[in-house]
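Peer 1: Could you have a look at this structure, given as C-alpha cells, before my questions?
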Amino acid sequence: MATAEPKVALDADTVRSALGDVPYPGLTRDLVSFGMVKHVSVCGTQVKVQLALRTEDASIPDRLGVAIRDRLASMGASLVTVEIVKPQPPTRPLPHSPNVRTPREGVPDPWAEQVRLTSVRDVIAVGAGKGGVGKSTVAVSLALALVRAGFVVGLLDADIYGPSIPILLGIENGSQQVKMTADKHIIPVEIHGLTLISFGFFLGEGSPAIWRGPMVSKAVKQFARGVEWPQLDVLIVDLPPGTGDIPLSLVQAIEVSGAVVVTQPQRLAGVEAQKAGEMFAQLDVPVLGVVENMTGAFGRGGGDIVAKALGVPFLGTVPFDEAVVNEGDSGTPTVLTRSESEFAKSFDSIAHQVVEALGWQLSGSAEHAS
C-alpha cells in the first residue's frame, strides 16, 4: 500500500530507474531495456507512465499496470496512471556508405513497409560471408542452446537457395506437417522445444530455387511476415551466405535486433565474414558478435581477427567435432544428443553472450544452463 509521503524523492529519473525492475510479463527483460517507457511525469506523489506497447495478448496491459503500480507504490507513489500508446513507426537506416542511399524524391522508400513482428521480442539474424562454414549448424545449435537456457525460441530458415535446417533437425517431411490459418498465415512446426519454419518445406524435394532478385525479395518479405509465430523471446533467422538480396529484403521487411556472423579460422573465410559484418552495419543492424566455427581442424584465431576488424565482441570458438557431421546428417543435433560435449558447452556460452548483448537479464534457469 502506498504511504502518504514518498519514501524517496519521486522524479522522472527515479521512476524510470524503478521501472527497470519491472519485467515484461512472462519474460526476464525489463520495460526500460525494451524501450517501452516513452514518457514519465511526476507531480508530488502522483505519477503518470506512458508505455509504447503492441501485443495480441489482451491481458498484458492490465498485468503491466498492476506490476508498475505495485513497484511505484513501494516507493511512496499515491496515484499511478498507466497509459498505453502504439509504438512509433521504426526509424529508417541512416546512410553510412554510398551503398545505402536515402530515397530520392518521388521514389518509394524501400524501408517504408518494415514492420515489427508483434509476437517476437528480438529477431537475430545469423549470417556468413561464404558457404561451408557451418552457419546453419551454428543457427540450429544457438537456437537449441537458448531453449536449454529457458527462452522461448523460434527458428526461421530463410536460406532459399540451400535450406538445410530441415535435415539438421530431422524434419524432411515438413511440407506435410505445415498448416495454414484461415487468413492464409503459415503455422510453424514444433520440434525439440523450437518453433520452426523453413523455405525447404515449400520448395519440393530436390527442387532447386532458381529465382531472380525481385522474386527473392518478394518471397522473403511474404515469408517473414506470413508466419503465425507464437509469443517468442527470440527468433533466430538463418540467412544464406553472402551479401545478396535476402539479408536486405529481410531487414526491409521486419525489424532485426542484431546479427551473429559465423566464420572459420582460415583467412579466406575471415575476409568474407568481415564483408557480411560490414553489410549488417550498413543496414543499421547491430552485429552482436562473431563466432569461429570448426576451431582446431582448420587452425584458430580467425574469428577474433574478424571481430576486432569489425569492432564487435568475439563470442567464442566452436571446436571441430567430427561426429557433428554425422549427427547433423541424421537429424540429431549435437547440442541435444551430447549436451555435455565441448561443442554443446561452447553454445551455452555463446547463447548467454548473445542475449546479454540484447539487454536480457538472465533468469535462474538460464544461469543454471551455464
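Just remember, in the C-alpha cells the first chain shown is A, the second B, etc., residues are 1-based per chain, and ligands are 1-based in the order shown.
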Which neighbours of segment 139-153 of chain A fall inside 7 Å, counting only C-alpha atoms, when residues of the same chain fewer than 6 positions from it are skipped, and could you give them as a PDB file with C-alpha atoms, in the first residue's frame?
Peer 2:
ATOM      1  CA  VAL A 126      22.767 -15.499 -38.406  1.00  0.00           C
ATOM      2  CA  GLY A 193      11.159 -27.100 -27.998  1.00  0.00           C
ATOM      3  CA  LEU A 194      11.642 -24.908 -31.083  1.00  0.00           C
ATOM      4  CA  THR A 195       9.022 -23.311 -33.302  1.00  0.00           C
ATOM      5  CA  LEU A 232       8.628 -15.716 -28.624  1.00  0.00           C
ATOM      6  CA  ASP A 233      11.549 -14.343 -26.677  1.00  0.00           C
ATOM      7  CA  VAL A 234      13.894 -14.760 -29.636  1.00  0.00           C
ATOM      8  CA  LEU A 235      13.525 -15.595 -33.328  1.00  0.00           C
ATOM      9  CA  ILE A 236      16.708 -16.893 -34.979  1.00  0.00           C
ATOM     10  CA  ASP A 238      19.282 -18.473 -40.758  1.00  0.00           C
ATOM     11  CA  VAL A 335      23.536 -29.875 -28.521  1.00  0.00           C
ATOM     12  CA  PHE A 347      26.977 -22.805 -27.470  1.00  0.00           C
ATOM     13  CA  ASP A 348      25.779 -22.381 -23.898  1.00  0.00           C
ATOM     14  CA  ALA A 351      23.911 -18.069 -26.207  1.00  0.00           C
ATOM     15  CA  SER A 365      17.022 -21.221 -15.324  1.00  0.00           C
ATOM     16  CA  ALA A 366      19.327 -19.546 -17.775  1.00  0.00           C
ATOM     17  CA  ALA A 369      22.165 -23.872 -18.025  1.00  0.00           C
TER      18      ALA A 369
END
Peer 1: Just the residues within 12 Å of Ala297 of chain A, please, counting only C-alpha atoms, with nothing from its chain fewer than 3 positions along; format it as a PyMOL selection string.
Peer 2: chain A and resi 264-266+292-294+300+318-322
Peer 1: Keeping only N, CA and C atoms, write the selected residues as a short mmCIF file (atom, residue, chain, number, x, y, z; two decimals), in the first residue's frame.
Peer 2:
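For reference, result-v7.cif as written:
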data_model
loop_
_atom_site.label_atom_id
_atom_site.label_comp_id
_atom_site.auth_asym_id
_atom_site.auth_seq_id
_atom_site.Cartn_x
_atom_site.Cartn_y
_atom_site.Cartn_z
N GLN A 264 35.14 -19.32 -40.17
CA GLN A 264 36.09 -20.38 -39.80
C GLN A 264 37.43 -19.71 -39.54
N PRO A 265 38.40 -20.45 -39.00
CA PRO A 265 39.68 -19.82 -38.68
C PRO A 265 40.48 -19.31 -39.88
N GLN A 266 40.27 -19.88 -41.08
CA GLN A 266 41.11 -19.51 -42.22
C GLN A 266 40.91 -18.06 -42.63
N GLU A 292 33.58 -18.25 -34.22
CA GLU A 292 34.53 -19.02 -35.03
C GLU A 292 34.18 -20.49 -34.93
N ASN A 293 33.78 -21.09 -36.05
CA ASN A 293 33.35 -22.48 -36.08
C ASN A 293 34.48 -23.38 -36.56
N MET A 294 34.44 -24.64 -36.13
CA MET A 294 35.41 -25.68 -36.54
C MET A 294 36.84 -25.32 -36.15
N ARG A 300 43.11 -21.69 -35.79
CA ARG A 300 42.37 -20.91 -34.80
C ARG A 300 42.78 -19.45 -34.90
N VAL A 318 33.94 -22.59 -31.57
CA VAL A 318 33.21 -23.87 -31.54
C VAL A 318 34.20 -24.93 -32.01
N PRO A 319 34.59 -25.87 -31.14
CA PRO A 319 35.62 -26.84 -31.52
C PRO A 319 35.17 -27.77 -32.64
N PHE A 320 36.11 -28.11 -33.51
CA PHE A 320 35.79 -29.09 -34.55
C PHE A 320 35.50 -30.43 -33.90
N ASP A 321 34.41 -31.05 -34.31
CA ASP A 321 33.97 -32.32 -33.75
C ASP A 321 33.46 -33.15 -34.92
N GLU A 322 34.20 -34.17 -35.27
CA GLU A 322 33.87 -34.96 -36.46
C GLU A 322 32.49 -35.58 -36.39
#
Peer 1: Please give the complete set of residues from segment 55-295 of chain A that DSSP, run on the backbone, assigns to helix (DSSP H, G or I), formatted as a PyMOL selection string.
Peer 2: chain A and resi 60-73+135-148+165-168+174-177+200-203+213-225+245-253+267-282
Peer 1: Find the spatial neighbours of Ala309 of chain A, counting only C-alpha atoms, within a cut-off of 12 Å - ignore same-chain residues fewer than 2 positions away - and output them as an MDAnalysis selection string.
Peer 2: chainID A and resid 270:271 273:275 277:278 289:290 302:307 311:314
Peer 1: Just list as a ChimeraX atom specification whatever in segment 109-261 of chain A DSSP marks as strand (DSSP E).
Peer 2: /A:120-128,153-157,179-180,186-187,189-191,194-198,232-238,258-261
Peer 1: Neighbours of Ser346 of chain A within 7 Å (only C-alpha atoms; same-chain residues fewer than 4 positions away dropped), as a list in words?
Peer 2: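 In the requested format, the answer is Thr317, Val318, Glu342 and Ile350 of chain A.
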Peer 1: One decimal, in Å: what's the spacing between atom CA of Gly132 of chain A and atom CA of Asp157 of chain A?
Peer 2: 16.2 Å
Peer 1: Using only C-alpha atoms, which of A:Pro247, A:Gly76, A:Pro241, A:Gly200 sits nearest Leu283 of chain A?
Peer 2: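 The closest residue to Leu283 of chain A is A:Pro247.
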Peer 1: Quick one: residues within 9 Å of segment 39-45 of chain A, only C-alpha atoms, excluding same-chain residues fewer than 5 positions away - as an NGL selection string?
Peer 2: :A and (4-6 or 9-13 or 15-16 or 50-51 or 76-80)
Peer 1: If we count only C-alpha atoms and set the cut-off at 10 Å, which residues sit around Ile68 of chain A, ignoring sequence neighbours fewer than 4 positions away in its own chain? Please answer as a PDB file with C-alpha atoms, in the first residue's frame.
Peer 2:
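Below you can see out-v3.pdb, which holds the result:
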ATOM      1  CA  VAL A  15      10.642   6.385 -11.604  1.00  0.00           C
ATOM      2  CA  ALA A  18      12.371   1.742 -10.738  1.00  0.00           C
ATOM      3  CA  LEU A  19      10.659   0.637 -13.952  1.00  0.00           C
ATOM      4  CA  ASP A  21      12.958  -3.571 -12.153  1.00  0.00           C
ATOM      5  CA  VAL A  22       9.631  -4.409 -13.823  1.00  0.00           C
ATOM      6  CA  PRO A  23       9.928  -7.329 -16.291  1.00  0.00           C
ATOM      7  CA  LEU A  31      10.368  -2.471 -19.693  1.00  0.00           C
ATOM      8  CA  VAL A  49       3.690   6.432 -17.057  1.00  0.00           C
ATOM      9  CA  ASP A  62      -3.555  -4.941 -17.077  1.00  0.00           C
ATOM     10  CA  ARG A  63      -0.709  -7.153 -15.861  1.00  0.00           C
ATOM     11  CA  LEU A  64       1.810  -4.427 -16.601  1.00  0.00           C
ATOM     12  CA  LEU A  72       5.926   2.619  -7.555  1.00  0.00           C
ATOM     13  CA  ALA A  73       3.631   2.308  -4.524  1.00  0.00           C
ATOM     14  CA  VAL A  80      -0.142   5.826 -10.594  1.00  0.00           C
ATOM     15  CA  THR A  81      -1.704   6.199 -14.029  1.00  0.00           C
ATOM     16  CA  VAL A  82      -0.503   3.916 -16.820  1.00  0.00           C
TER      17      VAL A  82
END
